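What follows is a short report on a single structure.
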Amino acid sequence: MVKFLIHKPIAVLMTTLGILILGFYSSNFIPISLMPDIDIPEITVQISDENLSARQLEDGVIKSLRNELKQVSHLKDIKSETTNGMAIVRLLFTHGTKINYSFIEVNEKIDRFMGRLPKTMKRPKVIKASATDIPVFYISATLKGNRAKRGIQNKDLYPVSQEFVDFNRFTNQVIKKRIEQVNEVAMVDISGLVASEILIIPNLDKIQSLGLTLDELESAIKRADVDIGNLSIKDSQYQYNIRLGSEVVDIRDVENLYIKKHNRVFQLKDLAQVLEHPQKRKGLVLSNGKEAITMAIIKQHDARMGDLKEKLDELLKRLRKDYKTIDFRVTRSQTKLLDYAINNLTQSLLWGVILAFSVMFLFLKNMKSPFLIAIVVPVSMVVCLLFFQLFHISINIISLSGLVLGIGLMIDNSIIVIDNITQYIEQGKSLPKACVLGTNEVFKPLLSSALTTCAVFLPLIFISGVTGALFYDQAMAVSIGLFVSLVVSLTLLPVLYYLFHKRKKVKKGRISIFLEKTNLINYNAVYEKGFRWVMRRQKIAWSIIALLGITVVGLYAVLPKTQMPEFSKTETLLKIDWNEQINADENKQRIIATLEPIKDYLKDHTALVGSQQFVLDKEALAKPSEVNLYLNCGNQKTLDKITNTLSDYLNKNYPEALYRYGEVDNIFSAIFSDDEPPLVARMRNVSGLKNRQNEQLKALWYQVNDAMDNLQLKPIVWQESMVLVADKEKLMIYDVNENQLFNKLKSAFGERQVFSITDNQDIVPIVLGGEIKPIENVLDETVVVSKDSAVIHVKEFINVMHTKDLKTIVGGTEGEYYPIALEVDPDNATDTQYQVKDIVNHNKWYEVNFSGRVFTSQAMLKELIIVLLISLLLLYFILASQFESFLLPLIVLIEVPIDLAGAFLFLKLFGMSINLMSLIGIVVMSGIIINDSILKIDTIIQLQRQGYSQIKALLVAGKRRLKPILMTSLTTILALIPLLFSSGLGAELQAPLAVSLIGGMLLGTLISLYFIPLCYYYLSKIKS
């Protein structure tokens, strides 16, 4: 095959050129994203009813709904959180579930359950978690200057001006539509809008003097908005549609409504004050301290993020030019994260290649060979991009890291082929024959090396959960890079070598002469000296190996085990619940005061106060007393300072407030974030405690808290509620109807909606009520009229009761439970479980089971160990078929556990944990390092067949493969070293992989050079 290619160089070059053109062309269609596009197996159901307390909602609705949803196929876990007026049910599915089908099934369950819901409750909202639904970035729109504050008549009654309402309407109807016209934008999810409402405040003295009641007034207003329908009238050859009825379209129509009483006709404006003002808000948005509208930009599934960013940058320039009174700001941009991550990985890749080529110049001592590799590696990379397009793999930080690993493997293959051809030329073979013999000789070991590398890497994609799907890209990137470089090295490289060295008499350049004279170290002599030392002091050598084995066990026990590595952060999401019954505007004032001490340290901040209007937000049903605060600063040190300052401020000024820091929403946090504590004790009531449940729970909590000496448990969060209970006996005595009392209170609190009108694209409600007042004033001033025309204050019929219950009621597959979060070390988790179980076993009212991050990490480690064992088994089968021996593969495989000492030692020195990324580095290290051993054993066998004695074959094979082994190890290590000094998400994600790989490679190189010959020697001795 190689002989044929050498005699057809033009055909080879033209074929390569054609493939390169296809590769370059296909690279334009490869999606670029932060992370691979994978399904997130999660569905969220939102339930809301403002008239129900948390306990009523849990007992009356959520408990039955959980039991209904537990029957959904492929369900892994279910969890509900219920508060006053709202609940969220999260359904987690096993990985591989067709989430679209599950979404349909959940909706079908909800439809069947609708008949058991209260009539006042709307249909629950079902939201499917999707990586493409996570906003690429947010655009905040604010009015410049103090324009939003102008025109306010009464700041306490109407904290938002009508001008700000008009700005909201314009943004929703114009700005949003212009952004959605961009082809790469799927939708714009908007929040922070303020709508208008028309408030009718009756003149109670007038309507009572006329004998009118509020119910009669409401009926009269409703009758005014009549729509009988359309009539179709023919007139000769024409046909007309005539609409009958009156229609209310604006506030003037409402004021001019006619009301008839005792044969007298009045207009509504004569009997009541009619106002148009902003609706009462349950939530708002603050951007850098100013009220804003925020728009979440959702990307089209197949759109390139770079194209989206470019188009929207152009659109924002036009918007800023067209609407100079509006300030547009881009916040929480994933595009910056993507650019930063990819640029860092690209720079690391570039510096790694430069360092690797520097090593090749020093070892090969000529200019041609490194330049040959400089041609082969980019060719392999471009061909890899062609396969990326064919296999639908995007360019992301995972696939790019696979290419970083693949670069080292590509260089290794090229080095081995070039070095082998050069050795045949030095033996006096002709150039064509040297190219043929040198390439053919390494074909079998290189193929075995590729297969063994894939054997240790590809099983990673069979890890369960999102992790296995995520690293499919990395496994495929490495495998594609490996086989492409193998084909290129065995086909194109010999042809290029032949063409470069075809001219026999070529004057050496100054650089080549300088490199030949440069001989910093005689590594052949150093190797021979080390080889003789090992063979003469074999007991000491075996003792060192035993010590390394003990080191592996010791370091594994000492090193911390986590699922993912830690990352430096420049942004965070602070979630605060003031734990008081405050409204959204009071929440706003508190946030402004909270941010005052730290605002100079912030680059950007956005506060989502109270309930938000996002369609795709799973947390949209927040209370007016809650806030999500996005904080962005320059570096990790500043962020730590900010979080400490905020924590001190909140603890000092609002000791009852609940707060926690979380991950900012992006695709990376959606996949890797795990907010669950290390250990959660789930306390479930097993007896009918009813009213005594809270007392028993409090007593149990104190028992657990006293037993946990080194842990401080989060206190139970209680919520006090005010309940207005009607005195039915008095209502019957005074002959007052309950509905009349209820409607009167609704009017007094401004919650009595009569009907709504459509103003352009906005729906404006018309509310019959009064001015906003404290509850005590409403009860003192509001009156009802009995059937005998007696006027009585409503406070005579109302009993005010204060109740105390859990603020959030949590439920799961086992039913309702109370979670106690235990921040324990994984090593102490088992002892802590026994302590808690012992306490609960002495309590007849409760039982306990456990969940938490500890269990998921343990399951992940067990699964990875199984994957590694499978990889080693595959390696054994491949090596046994190559060497045609059952014993020789054991020499190669025994090297892997010894090399772990180097990997674990480096993880310890760099302060890193055993996590998924470091384990992948160990897997890759195992695949690379055994390649050197395979080549060495293959050479030893060939030399023995040529008549060499055993010791001489070991020494000569070591010298012959010394340079390729050193070069492949150094190039791989140097290609990864820049990752250790880079920052950003991409580099930090791959740093544990690089550290474990470098540590294992350094020790593995020594093992391959000295321990493998010693094992081969002993194995031959045993066989003989």
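Residue numbering restarts at 1 in every chain; chains get A, B, ... in the order shown in the structure tokens, and ligands count up from 1 in that same order.
Near Phe137 (chain A), within 7 Å and counting only C-alpha atoms, sit Pro135, Ile139, Ala296, Ile297, Val330, Thr331, Arg332, Ser333 and Gln334 of chain A; same-chain residues fewer than 2 positions away were not included.
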Surrounding residues of Asn107 (chain A) excluding itself and chain neighbours under 6 positions, 10 Å, only C-alpha atoms, as a PyMOL selection string: chain A and resi 45+69+101+113+124-127
Could the residues in this selection be saved with C-alpha atoms as a PDB file, in the first residue's frame?
ATOM      1  CA  VAL A  45     -45.098  21.702  36.988  1.00  0.00           C
ATOM      2  CA  LEU A  69     -47.440  12.030  38.446  1.00  0.00           C
ATOM      3  CA  TYR A 101     -42.769  12.066  25.038  1.00  0.00           C
ATOM      4  CA  PHE A 113     -56.376  15.539  37.122  1.00  0.00           C
ATOM      5  CA  PRO A 124     -51.046  23.989  36.094  1.00  0.00           C
ATOM      6  CA  LYS A 125     -48.227  25.131  33.832  1.00  0.00           C
ATOM      7  CA  VAL A 126     -45.847  22.410  32.560  1.00  0.00           C
ATOM      8  CA  ILE A 127     -42.295  23.495  31.630  1.00  0.00           C
TER       9      ILE A 127
END
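Residue nearest Ser27 (chain A), chosen from A:Ile397, A:Leu629, A:Lys936, A:Val383 and counting only C-alpha atoms: A:Val383.
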Long-range neighbours of region 732-738 of chain A as a list in words, 12 Å cut-off, only C-alpha atoms, 6 positions minimum in chain: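 Listed by chain and then number, they are Val725, Ala726, Lys744, Leu745, Val783, Val784, Val785, Ser786, Lys787, Asp788, Ser789, Ala790, Val791, Ile792, His793, Val794, Glu796, Phe797 and Ile798 of chain A.
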Excluding same-chain residues fewer than 2 positions from Ala957 (chain A), what lies within 7 Å of it counting only C-alpha atoms, as a tab-separated table (two decimals) with N, CA and C atoms, in the first residue's frame?
chain	number	residue	atom	x	y	z
A	936	LYS	N	7.48	-1.00	22.69
A	936	LYS	CA	8.74	-1.55	23.22
A	936	LYS	C	8.73	-3.07	23.21
A	939	THR	N	9.05	-4.40	19.74
A	939	THR	CA	10.44	-4.33	19.26
A	939	THR	C	11.29	-5.42	19.90
A	940	ILE	N	11.10	-5.69	21.18
A	940	ILE	CA	11.86	-6.75	21.86
A	940	ILE	C	11.60	-8.10	21.19
A	953	ALA	N	18.49	-7.84	23.66
A	953	ALA	CA	17.25	-7.40	23.02
A	953	ALA	C	16.55	-6.34	23.87
A	954	LEU	N	16.58	-6.52	25.19
A	954	LEU	CA	15.96	-5.53	26.07
A	954	LEU	C	16.67	-4.19	25.99
A	955	LEU	N	18.00	-4.21	25.97
A	955	LEU	CA	18.77	-2.97	25.92
A	955	LEU	C	18.64	-2.29	24.57
A	959	LYS	N	16.95	1.36	23.63
A	959	LYS	CA	17.62	2.47	22.95
A	959	LYS	C	16.88	2.86	21.67
A	960	ARG	N	16.41	1.82	20.92
A	960	ARG	CA	15.75	2.12	19.65
A	960	ARG	C	14.44	2.88	19.87
A	961	ARG	N	13.72	2.57	20.94
A	961	ARG	CA	12.42	3.23	21.19
A	961	ARG	C	12.53	4.38	22.20
Closest of A:Leu431, A:Val664, A:Met683, A:Leu595 to Tyr846 (chain A) - atom-to-atom distances counting only C-alpha atoms: A:Met683
Interatomic distance (Å, one decimal) between CA of Ile937 (chain A) and CA of Gly999 (chain A): 23.2 Å
Nearest to Lys623 (chain A), chosen from A:Ser394, A:Ser430, A:Asn203, A:Thr83, with only C-alpha atoms counted in the distances: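 Closest to Lys623 (chain A) of all the choices is A:Thr83.
Nearest residue to Ile411 (chain A), choosing from A:Lys807, A:Lys529, A:Val379, A:Lys70 and counting only C-alpha atoms: A:Val379.
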Non-local contacts of Asn628 (chain A) (9 Å; only C-alpha atoms; under 5 positions in same chain excluded) as a list in words: Leu573, Leu574, Lys575, Ile576, Thr606, Ala607, Leu608, Val609 and Gly610 of chain A
Residue nearest Lys795 (chain A) among A:Thr491, A:Thr782, A:Ser1020, A:Ser913 (counting only C-alpha atoms): A:Thr782
DSSP-assigned strand (DSSP E or B) members of region 794-882 of chain A, reported as a list in words: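 Selecting the strand (DSSP E or B) positions of region 794-882 of chain A gives Ile798, Asn799, Val800, Met801, His802, Thr803, Lys804, Asp805, Leu806, Ile809, Val810, Gly811, Gly812, Gly815, Glu816, Tyr817, Tyr818, Pro819, Ile820, Ala821, Leu822, Tyr846, Glu847, Val848, Asn849, Phe850 and Ser851 of chain A.
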Near-region 849-859 of chain A list (9 Å; only C-alpha atoms; drop same-chain fewer than 2 positions) as a PyMOL selection string: chain A and resi 561-563+674-684+821+825-826+829+833+837+847+861-864+915
Expected file: the selected residues, C-alpha atoms, as an mmCIF file, in the first residue's frame:
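The resulting file, result.cif, is reproduced below:
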data_model
loop_
_atom_site.group_PDB
_atom_site.id
_atom_site.type_symbol
_atom_site.label_atom_id
_atom_site.label_comp_id
_atom_site.auth_asym_id
_atom_site.auth_seq_id
_atom_site.Cartn_x
_atom_site.Cartn_y
_atom_site.Cartn_z
ATOM 1 C CA LYS A 561 -13.685 12.877 46.079
ATOM 2 C CA THR A 562 -16.082 15.192 44.251
ATOM 3 C CA GLN A 563 -18.222 14.926 41.179
ATOM 4 C CA ASP A 674 -25.803 20.452 42.181
ATOM 5 C CA ASP A 675 -27.391 22.640 44.863
ATOM 6 C CA GLU A 676 -28.277 19.627 46.984
ATOM 7 C CA PRO A 677 -26.370 19.450 50.308
ATOM 8 C CA PRO A 678 -23.913 16.599 50.901
ATOM 9 C CA LEU A 679 -26.441 14.803 53.129
ATOM 10 C CA VAL A 680 -30.169 15.407 53.631
ATOM 11 C CA ALA A 681 -32.151 13.716 56.414
ATOM 12 C CA ARG A 682 -35.752 13.434 55.199
ATOM 13 C CA MET A 683 -38.026 13.371 58.277
ATOM 14 C CA ARG A 684 -41.427 11.881 57.473
ATOM 15 C CA ALA A 821 -29.546 19.660 55.440
ATOM 16 C CA ASP A 825 -17.603 15.637 54.868
ATOM 17 C CA PRO A 826 -18.156 12.583 52.673
ATOM 18 C CA ALA A 829 -21.478 10.819 56.138
ATOM 19 C CA GLN A 833 -26.475 8.796 59.257
ATOM 20 C CA LYS A 837 -31.178 7.192 62.711
ATOM 21 C CA GLU A 847 -39.070 7.915 60.346
ATOM 22 C CA LEU A 861 -17.190 6.735 41.398
ATOM 23 C CA LYS A 862 -18.462 3.153 41.481
ATOM 24 C CA GLU A 863 -19.654 3.463 37.915
ATOM 25 C CA LEU A 864 -16.321 4.907 36.788
ATOM 26 C CA ASN A 915 -13.340 13.985 40.235
#
Shell of 10 Å around Asp205 (chain A), only C-alpha atoms, local chain residues under 5 positions omitted, as a ChimeraX atom specification: /A:210-211,271
From A:Gln942, A:Pro36, A:Leu315, A:Phe29, residue lying nearest Lys177 (chain A) [only C-alpha atoms]: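 Going through A:Gln942, A:Pro36, A:Leu315, A:Phe29 one by one, the smallest distance to Lys177 (chain A) is for A:Leu315.
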Sel. of helix (DSSP H, G or I) residues, region 275-496 of chain A, as number ranges by chain: A: 305-322, 334-364, 368-390, 397-426, 431-462, 465-470, 472-496
